[in-house]
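For reference, structure-v6.cif (mmCIF, C-alpha atoms and all ligand atoms):
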```cif
data_query
#
loop_
_atom_site.group_PDB
_atom_site.id
_atom_site.type_symbol
_atom_site.label_atom_id
_atom_site.label_comp_id
_atom_site.auth_asym_id
_atom_site.auth_seq_id
_atom_site.Cartn_x
_atom_site.Cartn_y
_atom_site.Cartn_z
ATOM 1 C CA MET A 1 -333.605 42.525 -61.495
ATOM 2 C CA VAL A 2 -334.940 39.576 -59.552
ATOM 3 C CA ASP A 3 -332.692 36.619 -58.800
ATOM 4 C CA ASP A 4 -333.992 33.668 -60.881
ATOM 5 C CA ASN A 5 -333.607 31.182 -58.038
ATOM 6 C CA SER A 6 -335.723 33.078 -55.548
ATOM 7 C CA GLN A 7 -339.211 31.836 -54.719
ATOM 8 C CA PRO A 8 -341.734 34.185 -56.305
ATOM 9 C CA VAL A 9 -343.467 36.476 -53.830
ATOM 10 C CA PHE A 10 -346.625 38.320 -54.881
ATOM 11 C CA ARG A 11 -348.647 40.844 -52.933
ATOM 12 C CA PHE A 12 -352.079 42.398 -52.904
ATOM 13 C CA ALA A 13 -351.989 45.907 -51.426
ATOM 14 C CA PRO A 14 -355.432 47.483 -50.984
ATOM 15 C CA SER A 15 -356.264 50.692 -49.124
ATOM 16 C CA PRO A 16 -359.177 50.329 -46.687
ATOM 17 C CA ASN A 17 -360.693 53.702 -47.537
ATOM 18 C CA GLY A 18 -363.958 52.539 -49.098
ATOM 19 C CA GLN A 19 -365.758 49.503 -50.436
ATOM 20 C CA LEU A 20 -363.813 46.847 -52.317
ATOM 21 C CA HIS A 21 -365.250 46.497 -55.801
ATOM 22 C CA LEU A 22 -364.966 44.094 -58.722
ATOM 23 C CA GLY A 23 -361.679 45.699 -59.783
ATOM 24 C CA HIS A 24 -360.104 44.833 -56.423
ATOM 25 C CA ALA A 25 -361.551 41.325 -56.623
ATOM 26 C CA TYR A 26 -359.942 40.863 -60.031
ATOM 27 C CA SER A 27 -356.543 42.102 -58.834
ATOM 28 C CA ALA A 28 -356.630 40.013 -55.660
ATOM 29 C CA LEU A 29 -357.770 36.827 -57.453
ATOM 30 C CA LEU A 30 -355.234 37.300 -60.228
ATOM 31 C CA ASN A 31 -352.414 37.681 -57.675
ATOM 32 C CA PHE A 32 -353.672 34.634 -55.795
ATOM 33 C CA ASP A 33 -353.916 32.484 -58.946
ATOM 34 C CA MET A 34 -350.538 33.625 -60.306
ATOM 35 C CA ALA A 35 -348.788 32.995 -56.976
ATOM 36 C CA ARG A 36 -350.304 29.530 -56.793
ATOM 37 C CA ARG A 37 -349.391 28.666 -60.371
ATOM 38 C CA ALA A 38 -345.816 29.866 -59.809
ATOM 39 C CA GLY A 39 -345.503 27.882 -56.574
ATOM 40 C CA GLY A 40 -344.948 31.187 -54.804
ATOM 41 C CA GLN A 41 -346.318 33.109 -51.862
ATOM 42 C CA LEU A 42 -349.001 35.755 -51.669
ATOM 43 C CA LEU A 43 -348.645 38.474 -49.031
ATOM 44 C CA LEU A 44 -351.221 41.044 -48.030
ATOM 45 C CA ARG A 45 -350.373 44.652 -47.315
ATOM 46 C CA ILE A 46 -352.779 47.205 -45.960
ATOM 47 C CA GLU A 47 -352.006 50.611 -47.426
ATOM 48 C CA ASP A 48 -353.484 52.836 -44.747
ATOM 49 C CA ILE A 49 -351.123 55.821 -44.537
ATOM 50 C CA ASP A 50 -354.198 58.045 -44.857
ATOM 51 C CA THR A 51 -355.302 57.406 -41.303
ATOM 52 C CA THR A 52 -358.395 59.611 -41.626
ATOM 53 C CA ARG A 53 -359.941 57.886 -44.619
ATOM 54 C CA CYS A 54 -358.736 54.367 -43.753
ATOM 55 C CA THR A 55 -360.622 52.988 -40.775
ATOM 56 C CA PRO A 56 -360.395 49.750 -38.732
ATOM 57 C CA SER A 57 -363.977 48.857 -39.599
ATOM 58 C CA LEU A 58 -363.339 49.237 -43.353
ATOM 59 C CA GLU A 59 -360.220 47.112 -42.928
ATOM 60 C CA GLU A 60 -362.147 44.425 -41.066
ATOM 61 C CA GLN A 61 -364.807 44.359 -43.758
ATOM 62 C CA MET A 62 -362.127 44.202 -46.460
ATOM 63 C CA LEU A 63 -360.425 41.189 -44.851
ATOM 64 C CA ASP A 64 -363.774 39.476 -44.459
ATOM 65 C CA GLU A 65 -364.549 39.968 -48.160
ATOM 66 C CA LEU A 66 -361.138 38.688 -49.245
ATOM 67 C CA HIS A 67 -361.653 35.564 -47.119
ATOM 68 C CA TRP A 68 -365.113 35.146 -48.625
ATOM 69 C CA LEU A 69 -363.606 35.316 -52.122
ATOM 70 C CA GLY A 70 -361.301 32.449 -51.160
ATOM 71 C CA ILE A 71 -358.074 34.454 -51.108
ATOM 72 C CA GLU A 72 -355.467 33.085 -48.731
ATOM 73 C CA TRP A 73 -352.246 34.857 -47.808
ATOM 74 C CA GLU A 74 -349.164 33.987 -45.792
ATOM 75 C CA ASP A 75 -348.237 35.721 -42.556
ATOM 76 C CA ALA A 76 -350.017 38.574 -40.825
ATOM 77 C CA PRO A 77 -350.759 41.483 -43.167
ATOM 78 C CA ARG A 78 -348.264 44.353 -43.073
ATOM 79 C CA ARG A 79 -350.053 47.528 -42.042
ATOM 80 C CA GLN A 80 -348.327 50.667 -43.331
ATOM 81 C CA SER A 81 -349.602 52.881 -40.518
ATOM 82 C CA GLU A 82 -347.396 50.850 -38.147
ATOM 83 C CA HIS A 83 -344.189 51.691 -40.032
ATOM 84 C CA PHE A 84 -343.975 55.474 -40.222
ATOM 85 C CA GLY A 85 -340.533 55.362 -38.544
ATOM 86 C CA GLU A 86 -339.114 53.298 -41.440
ATOM 87 C CA TYR A 87 -340.464 55.705 -44.036
ATOM 88 C CA GLN A 88 -339.034 58.639 -42.095
ATOM 89 C CA LYS A 89 -335.561 57.044 -42.251
ATOM 90 C CA ALA A 90 -335.766 56.836 -46.044
ATOM 91 C CA LEU A 91 -336.871 60.470 -46.227
ATOM 92 C CA ASP A 92 -333.900 61.409 -44.024
ATOM 93 C CA GLN A 93 -331.540 59.603 -46.411
ATOM 94 C CA LEU A 94 -332.886 61.547 -49.372
ATOM 95 C CA GLU A 95 -332.812 64.788 -47.411
ATOM 96 C CA GLU A 96 -329.149 64.252 -46.481
ATOM 97 C CA ARG A 97 -328.380 63.992 -50.177
ATOM 98 C CA ASP A 98 -330.195 67.302 -50.829
ATOM 99 C CA LEU A 99 -332.775 65.588 -52.991
ATOM 100 C CA LEU A 100 -335.844 66.906 -51.143
ATOM 101 C CA TYR A 101 -337.235 70.363 -50.594
ATOM 102 C CA PRO A 102 -340.266 71.742 -48.746
ATOM 103 C CA ALA A 103 -342.923 72.989 -51.169
ATOM 104 C CA PHE A 104 -345.442 75.399 -49.705
ATOM 105 C CA MET A 105 -348.089 75.916 -52.388
ATOM 106 C CA SER A 106 -351.514 74.327 -51.901
ATOM 107 C CA ARG A 107 -353.391 72.850 -54.849
ATOM 108 C CA GLY A 108 -355.433 76.056 -55.185
ATOM 109 C CA GLU A 109 -352.302 78.218 -55.094
ATOM 110 C CA ILE A 110 -350.667 76.099 -57.795
ATOM 111 C CA LYS A 111 -353.738 76.563 -59.983
ATOM 112 C CA ARG A 112 -353.756 80.306 -59.421
ATOM 113 C CA TYR A 113 -350.005 80.583 -60.020
ATOM 114 C CA ILE A 114 -350.343 78.746 -63.330
ATOM 115 C CA ALA A 115 -353.294 80.898 -64.432
ATOM 116 C CA GLU A 116 -351.344 84.073 -63.648
ATOM 117 C CA ASN A 117 -347.917 83.044 -64.871
ATOM 118 C CA SER A 118 -348.315 80.818 -67.881
ATOM 119 C CA ASP A 119 -348.392 81.820 -71.479
ATOM 120 C CA PRO A 120 -351.998 81.281 -72.679
ATOM 121 C CA ASN A 121 -350.675 79.746 -75.912
ATOM 122 C CA THR A 122 -348.645 77.024 -74.251
ATOM 123 C CA LEU A 123 -350.101 74.286 -72.148
ATOM 124 C CA TRP A 124 -348.680 73.878 -68.649
ATOM 125 C CA PRO A 125 -347.182 70.380 -68.439
ATOM 126 C CA LYS A 126 -349.239 67.778 -66.607
ATOM 127 C CA ASP A 127 -348.206 64.506 -64.979
ATOM 128 C CA PRO A 128 -349.593 61.145 -66.217
ATOM 129 C CA ASP A 129 -352.494 61.483 -63.739
ATOM 130 C CA GLY A 130 -353.412 64.876 -65.195
ATOM 131 C CA ALA A 131 -352.148 67.073 -62.332
ATOM 132 C CA PRO A 132 -350.091 70.164 -63.267
ATOM 133 C CA LEU A 133 -346.351 69.854 -62.588
ATOM 134 C CA TYR A 134 -345.209 71.837 -59.557
ATOM 135 C CA PRO A 135 -343.974 75.317 -60.502
ATOM 136 C CA ASP A 136 -340.308 76.175 -60.178
ATOM 137 C CA ILE A 137 -340.783 78.192 -57.058
ATOM 138 C CA ASP A 138 -339.657 76.571 -53.824
ATOM 139 C CA ARG A 139 -336.805 74.433 -55.105
ATOM 140 C CA GLY A 140 -334.349 77.321 -55.314
ATOM 141 C CA ARG A 141 -334.803 78.622 -51.743
ATOM 142 C CA ASP A 142 -331.756 78.466 -49.517
ATOM 143 C CA LYS A 143 -331.710 76.636 -46.201
ATOM 144 C CA PRO A 144 -332.400 79.637 -43.888
ATOM 145 C CA GLU A 145 -335.361 80.648 -46.038
ATOM 146 C CA ARG A 146 -336.777 77.096 -45.994
ATOM 147 C CA LEU A 147 -336.330 76.838 -42.244
ATOM 148 C CA GLY A 148 -337.926 80.245 -41.728
ATOM 149 C CA LEU A 149 -341.015 79.268 -43.720
ATOM 150 C CA ILE A 150 -341.287 75.948 -41.875
ATOM 151 C CA ALA A 151 -340.927 77.729 -38.521
ATOM 152 C CA SER A 152 -343.735 80.128 -39.504
ATOM 153 C CA GLY A 153 -346.058 77.112 -39.316
ATOM 154 C CA ARG A 154 -346.987 76.968 -43.013
ATOM 155 C CA PRO A 155 -348.103 73.565 -44.252
ATOM 156 C CA TYR A 156 -345.758 71.994 -46.758
ATOM 157 C CA ALA A 157 -345.074 68.879 -48.804
ATOM 158 C CA LEU A 158 -341.636 67.341 -49.209
ATOM 159 C CA ARG A 159 -340.979 67.093 -52.918
ATOM 160 C CA LEU A 160 -338.261 65.200 -54.736
ATOM 161 C CA ASP A 161 -335.965 67.448 -56.735
ATOM 162 C CA MET A 162 -336.468 65.423 -59.912
ATOM 163 C CA LYS A 163 -333.616 66.949 -61.903
ATOM 164 C CA ALA A 164 -331.136 66.434 -59.068
ATOM 165 C CA ALA A 165 -332.389 62.876 -58.500
ATOM 166 C CA LEU A 166 -331.974 61.949 -62.168
ATOM 167 C CA LYS A 167 -328.511 63.480 -62.136
ATOM 168 C CA ALA A 168 -327.600 61.495 -59.020
ATOM 169 C CA ILE A 169 -328.653 58.269 -60.773
ATOM 170 C CA GLY A 170 -326.910 59.181 -64.008
ATOM 171 C CA LYS A 171 -328.276 56.271 -66.046
ATOM 172 C CA ARG A 172 -331.378 55.216 -67.894
ATOM 173 C CA LEU A 173 -333.836 53.191 -65.815
ATOM 174 C CA ALA A 174 -335.998 50.360 -67.073
ATOM 175 C CA PHE A 175 -338.200 47.574 -65.754
ATOM 176 C CA GLU A 176 -339.549 44.268 -66.960
ATOM 177 C CA GLU A 177 -343.254 44.357 -67.815
ATOM 178 C CA LEU A 178 -345.136 41.082 -68.206
ATOM 179 C CA GLY A 179 -348.654 42.505 -68.532
ATOM 180 C CA GLY A 180 -348.976 45.699 -70.532
ATOM 181 C CA GLY A 181 -349.004 49.478 -70.256
ATOM 182 C CA PRO A 182 -351.689 51.826 -71.633
ATOM 183 C CA GLN A 183 -349.868 51.977 -75.006
ATOM 184 C CA GLY A 184 -349.242 48.239 -75.089
ATOM 185 C CA GLU A 185 -345.771 48.588 -73.517
ATOM 186 C CA VAL A 186 -344.390 45.166 -72.694
ATOM 187 C CA GLY A 187 -340.993 43.539 -72.104
ATOM 188 C CA LYS A 188 -338.213 45.935 -71.186
ATOM 189 C CA VAL A 189 -339.787 49.333 -70.562
ATOM 190 C CA VAL A 190 -337.560 52.404 -70.362
ATOM 191 C CA CYS A 191 -338.690 54.857 -67.660
ATOM 192 C CA ASP A 192 -339.090 58.590 -67.916
ATOM 193 C CA PRO A 193 -339.642 59.677 -64.278
ATOM 194 C CA SER A 194 -339.368 63.346 -65.292
ATOM 195 C CA LEU A 195 -342.962 63.079 -66.604
ATOM 196 C CA TRP A 196 -344.006 63.420 -62.952
ATOM 197 C CA GLY A 197 -341.961 66.526 -62.106
ATOM 198 C CA ASP A 198 -341.099 67.036 -58.443
ATOM 199 C CA VAL A 199 -343.296 64.320 -56.883
ATOM 200 C CA ILE A 200 -344.459 64.505 -53.269
ATOM 201 C CA LEU A 201 -342.701 62.006 -50.976
ATOM 202 C CA GLY A 202 -343.910 63.262 -47.611
ATOM 203 C CA ARG A 203 -345.846 66.001 -45.887
ATOM 204 C CA LYS A 204 -345.455 68.173 -42.832
ATOM 205 C CA GLU A 205 -347.695 65.872 -40.811
ATOM 206 C CA LEU A 206 -346.996 62.591 -42.668
ATOM 207 C CA PRO A 207 -343.488 61.189 -43.178
ATOM 208 C CA THR A 208 -344.397 59.309 -46.359
ATOM 209 C CA SER A 209 -346.500 59.155 -49.521
ATOM 210 C CA TYR A 210 -347.962 56.374 -51.656
ATOM 211 C CA HIS A 211 -344.830 56.264 -53.850
ATOM 212 C CA LEU A 212 -342.354 56.098 -50.987
ATOM 213 C CA SER A 213 -344.124 53.521 -48.831
ATOM 214 C CA VAL A 214 -345.051 51.225 -51.723
ATOM 215 C CA VAL A 215 -341.422 51.054 -52.868
ATOM 216 C CA LEU A 216 -340.004 50.489 -49.382
ATOM 217 C CA ASP A 217 -342.592 47.876 -48.457
ATOM 218 C CA ASP A 218 -342.202 45.938 -51.692
ATOM 219 C CA ALA A 219 -338.487 45.705 -50.898
ATOM 220 C CA LEU A 220 -338.962 44.926 -47.196
ATOM 221 C CA GLN A 221 -341.470 42.179 -48.011
ATOM 222 C CA ASN A 222 -339.112 40.806 -50.702
ATOM 223 C CA ILE A 223 -341.786 41.071 -53.361
ATOM 224 C CA THR A 224 -340.573 39.639 -56.670
ATOM 225 C CA HIS A 225 -343.745 40.127 -58.768
ATOM 226 C CA ILE A 226 -346.001 43.156 -58.649
ATOM 227 C CA VAL A 227 -349.378 42.484 -60.231
ATOM 228 C CA ARG A 228 -351.611 45.557 -60.171
ATOM 229 C CA GLY A 229 -353.937 47.683 -62.284
ATOM 230 C CA ARG A 230 -352.779 49.402 -65.448
ATOM 231 C CA ASP A 231 -353.675 52.778 -63.894
ATOM 232 C CA LEU A 232 -350.413 52.451 -61.896
ATOM 233 C CA PHE A 233 -348.211 51.707 -64.905
ATOM 234 C CA TYR A 234 -346.638 55.181 -65.143
ATOM 235 C CA ALA A 235 -346.217 55.369 -61.349
ATOM 236 C CA THR A 236 -343.662 52.583 -61.876
ATOM 237 C CA PHE A 237 -341.354 55.204 -63.457
ATOM 238 C CA VAL A 238 -341.178 56.967 -60.083
ATOM 239 C CA HIS A 239 -340.920 53.650 -58.244
ATOM 240 C CA ARG A 240 -337.891 52.593 -60.265
ATOM 241 C CA LEU A 241 -336.221 55.923 -59.540
ATOM 242 C CA LEU A 242 -336.842 55.589 -55.797
ATOM 243 C CA GLN A 243 -335.592 51.983 -55.823
ATOM 244 C CA GLU A 244 -332.395 53.168 -57.428
ATOM 245 C CA LEU A 245 -331.944 56.121 -55.056
ATOM 246 C CA LEU A 246 -332.533 53.927 -52.004
ATOM 247 C CA GLY A 247 -330.483 50.953 -53.238
ATOM 248 C CA LEU A 248 -333.455 48.573 -53.497
ATOM 249 C CA ARG A 249 -333.955 45.655 -55.845
ATOM 250 C CA ALA A 250 -336.435 46.046 -58.726
ATOM 251 C CA PRO A 251 -339.263 43.489 -58.916
ATOM 252 C CA ILE A 252 -340.920 42.297 -62.118
ATOM 253 C CA TYR A 253 -344.151 44.126 -62.980
ATOM 254 C CA HIS A 254 -347.406 42.908 -64.466
ATOM 255 C CA HIS A 255 -349.984 45.645 -65.019
ATOM 256 C CA HIS A 256 -353.385 44.165 -65.722
ATOM 257 C CA ASP A 257 -356.585 45.368 -67.439
ATOM 258 C CA LEU A 258 -358.963 47.497 -65.446
ATOM 259 C CA ILE A 259 -362.484 46.281 -64.875
ATOM 260 C CA LEU A 260 -364.812 48.986 -66.165
ATOM 261 C CA SER A 261 -368.440 49.719 -65.384
ATOM 262 C CA ASP A 262 -371.124 49.032 -67.998
ATOM 263 C CA ASP A 263 -370.786 52.603 -69.256
ATOM 264 C CA GLY A 264 -367.024 52.171 -69.697
ATOM 265 C CA ARG A 265 -365.927 54.085 -66.603
ATOM 266 C CA LYS A 266 -363.365 53.200 -63.947
ATOM 267 C CA LEU A 267 -365.030 51.634 -60.913
ATOM 268 C CA SER A 268 -365.152 53.768 -57.798
ATOM 269 C CA LYS A 269 -365.004 52.859 -54.135
ATOM 270 C CA SER A 270 -368.186 54.800 -53.465
ATOM 271 C CA ALA A 271 -370.385 53.250 -56.190
ATOM 272 C CA ASP A 272 -372.484 50.600 -54.551
ATOM 273 C CA ASP A 273 -373.617 48.477 -57.498
ATOM 274 C CA THR A 274 -370.196 46.939 -58.127
ATOM 275 C CA SER A 275 -369.085 46.693 -54.478
ATOM 276 C CA LEU A 276 -368.349 43.194 -53.261
ATOM 277 C CA ARG A 277 -370.573 43.818 -50.285
ATOM 278 C CA SER A 278 -373.678 44.520 -52.328
ATOM 279 C CA LEU A 279 -372.943 41.702 -54.789
ATOM 280 C CA ARG A 280 -372.517 39.301 -51.871
ATOM 281 C CA ASN A 281 -375.683 40.586 -50.171
ATOM 282 C CA SER A 282 -377.637 40.092 -53.369
ATOM 283 C CA GLY A 283 -376.726 36.383 -53.331
ATOM 284 C CA ARG A 284 -373.740 36.253 -55.723
ATOM 285 C CA THR A 285 -371.178 33.570 -54.924
ATOM 286 C CA PRO A 286 -367.380 33.806 -55.125
ATOM 287 C CA ASP A 287 -367.559 31.752 -58.339
ATOM 288 C CA ASP A 288 -369.999 34.310 -59.796
ATOM 289 C CA ILE A 289 -367.462 37.026 -58.992
ATOM 290 C CA ARG A 290 -364.727 35.045 -60.777
ATOM 291 C CA HIS A 291 -366.981 34.753 -63.841
ATOM 292 C CA MET A 292 -367.841 38.444 -63.729
ATOM 293 C CA VAL A 293 -364.158 39.426 -63.874
ATOM 294 C CA GLY A 294 -363.305 36.823 -66.495
ATOM 295 C CA LEU A 295 -361.259 34.425 -64.377
ATOM 296 C CA ALA A 296 -361.677 30.665 -64.445
ATOM 297 C CA CYS A 297 -362.999 28.906 -61.339
ATOM 298 C CA ASP A 298 -360.985 26.421 -59.280
ATOM 299 C CA GLU A 299 -358.638 24.416 -61.430
HETATM 300 N N1 LIG B 1 -352.913 50.761 -52.521
HETATM 301 C C1 LIG B 1 -353.048 50.939 -53.926
HETATM 302 C C2 LIG B 1 -354.518 50.910 -54.287
HETATM 303 O O1 LIG B 1 -355.334 50.428 -53.502
HETATM 304 C C3 LIG B 1 -352.338 49.868 -54.725
HETATM 305 C C4 LIG B 1 -350.889 50.038 -54.688
HETATM 306 C C5 LIG B 1 -350.100 49.089 -55.585
HETATM 307 O O2 LIG B 1 -350.580 47.998 -55.917
HETATM 308 O O3 LIG B 1 -348.986 49.440 -55.908
HETATM 309 O O4 LIG B 1 -354.848 51.384 -55.343
#
```
Would it be possible to restate this file's structure as structure tokens?
Amino acid sequence: MVDDNSQPVFRFAPSPNGQLHLGHAYSALLNFDMARRAGGQLLLRIEDIDTTRCTPSLEEQMLDELHWLGIEWEDAPRRQSEHFGEYQKALDQLEERDLLYPAFMSRGEIKRYIAENSDPNTLWPKDPDGAPLYPDIDRGRDKPERLGLIASGRPYALRLDMKAALKAIGKRLAFEELGGGPQGEVGKVVCDPSLWGDVILGRKELPTSYHLSVVLDDALQNITHIVRGRDLFYATFVHRLLQELLGLRAPIYHHHDLILSDDGRKLSKSADDTSLRSLRNSGRTPDDIRHMVGLACDE
């Protein structure tokens, strides 16, 4: 856990793949306020590993909106797309320990496999995001077979062999939660990474994934406090496992409420009515935004 004498370091880590909405504003302002109250730093990280959906113009607009909101951060933002080499090194480490395997089934093939091979009376296990766990199909291939399939040009994802990873760790993992999980989890939370099955850590054409880069960057930026939406609470189980496998320090977590639309749904990056851009264009001020997300204005 975090060294008590260290200066707190917070981060806001948006992906510039659409419009920032009220939910992002809440997360960014909460990080900013908490960092200020704790006498700590706020860093900005641009999570743009998806270089097709994340564009420079969306990033520029995002930075402009954060400035408009009054958010200030230290140092130049860290842009993930500039660090693929670092992520590759971590993948290599895991590969050397035989903890990764190439998985060749597409989403459609997984669906078909499950429909054809599962017992209609038992439900196929799903991960906390609702995706079916990857079937036991590619993990057992030997090296020549894996290399042959890769050489044939088939697309693949690099998946973590979850059972082997948990065995390699050989202990129960936990983290400190200051906000709350979906079931009200708070304080010391024990992790069950196996809920996610063999998670994807990289792809044929991309040497990383959300889980891998977020964990490495939080460590590289010496983040001590991660304040983010409750929708990422269970992802922390995978993050703790990766921290342990890669010898990285665990930060403290604070998962916050999600801002919902009037009809109770999660906000989306494509819905215009709650985007910061349209709220700003319609004459709302940064203080109005603070009120809308339930945060007090300048103390
Ligand atoms: N980039 C993620 C998002 O925009 C946030 C990642 C995190 O805070 O861990 O949803």
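Nearest to Leu295 (chain A) of all the residues A:Ile259, A:Leu43, A:Ile49, A:Leu242 is A:Ile259, based on all atoms listed in the file.
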Tell me, counting only C-alpha atoms and all ligand atoms, for each residue of chain A within 7 Å of ligand LIG 1 (chain B), which pair of atoms is nearest and how far apart they are in Å to one decimal, in rows ordered by chain and increasing number, as a Markdown table.
```
| residue | atom | partner | partner_atom | distance |
| --- | --- | --- | --- | --- |
| A:Phe12 | CA | B:LIG1 | O2 | 6.5 |
| A:Ala13 | CA | B:LIG1 | N1 | 5.1 |
| A:Pro14 | CA | B:LIG1 | O1 | 3.9 |
| A:Ser15 | CA | B:LIG1 | O1 | 4.5 |
| A:Glu47 | CA | B:LIG1 | N1 | 5.2 |
| A:Val214 | CA | B:LIG1 | O3 | 6.0 |
| A:Arg228 | CA | B:LIG1 | O2 | 5.0 |
| A:Leu232 | CA | B:LIG1 | O3 | 6.9 |
```
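Applied to this file, the PyMOL selection byres (((chain A and resi 125) around 10) and not hetatm) selects Thr122, Leu123, Trp124, Lys126, Asp127, Pro128, Gly130, Ala131, Pro132, Leu133, Tyr134, Pro135, Leu195, Trp196 and Gly197 of chain A.
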Report the residues retrieved by the PyMOL selection byres (((chain A and resi 201-205) around 7) and not hetatm) from the displayed file, expressed as a VMD selection string. chain A and resid 155 to 160 199 to 200 206 to 209 211 to 212
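In this comparison, which uses only C-alpha atoms, the residue of A:Glu72, A:Glu96, A:Asp119, A:Asp50 approaching Phe10 (chain A) most closely is A:Glu72.
Those residues returned by the PyMOL selection byres (((chain A and resi 238) around 9) and not hetatm) for this file are Cys191, Asp192, Pro193, Ser194, Trp196, Val199, His211, Tyr234, Ala235, Thr236, Phe237, His239, Arg240, Leu241, Leu242 and Gln243 of chain A.
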Just the residues within 8 Å of Thr224 (chain A), please, counting all atoms listed in the file, with nothing from its chain fewer than 5 positions along; format it as JSON, numbers by chain. {"A": [2, 8, 9, 10, 250, 251, 252]}
Counting all atoms listed in the file, the residue among A:Ser213, A:His254, A:Asn222, A:Gln19 that lies closest to Glu185 (chain A) is A:His254
Write out as a list in words each polymer residue whose atoms come within 8 Å of region 165-169 of chain A, counting all atoms listed in the file; drop sequence neighbours fewer than 6 positions from it.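 With the cut-off at 8 Å, the set is Leu99, Leu241, Glu244 and Leu245 of chain A.
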Hey, which of A:Arg97, A:His256, A:Arg45, A:Arg230 ends up closest to Ala76 (chain A)? Count all atoms listed in the file.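 Residue with the minimum atom-to-atom distance to Ala76 (chain A): A:Arg45.
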Report the distance between CA of Asp161 (chain A) and CA of Asp198 (chain A) in Å, rounded to one decimal place. 5.4 Å
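Computed from the coordinates, the CA of Leu91 (chain A) to CA of Val215 (chain A) distance equals 12.4 Å.
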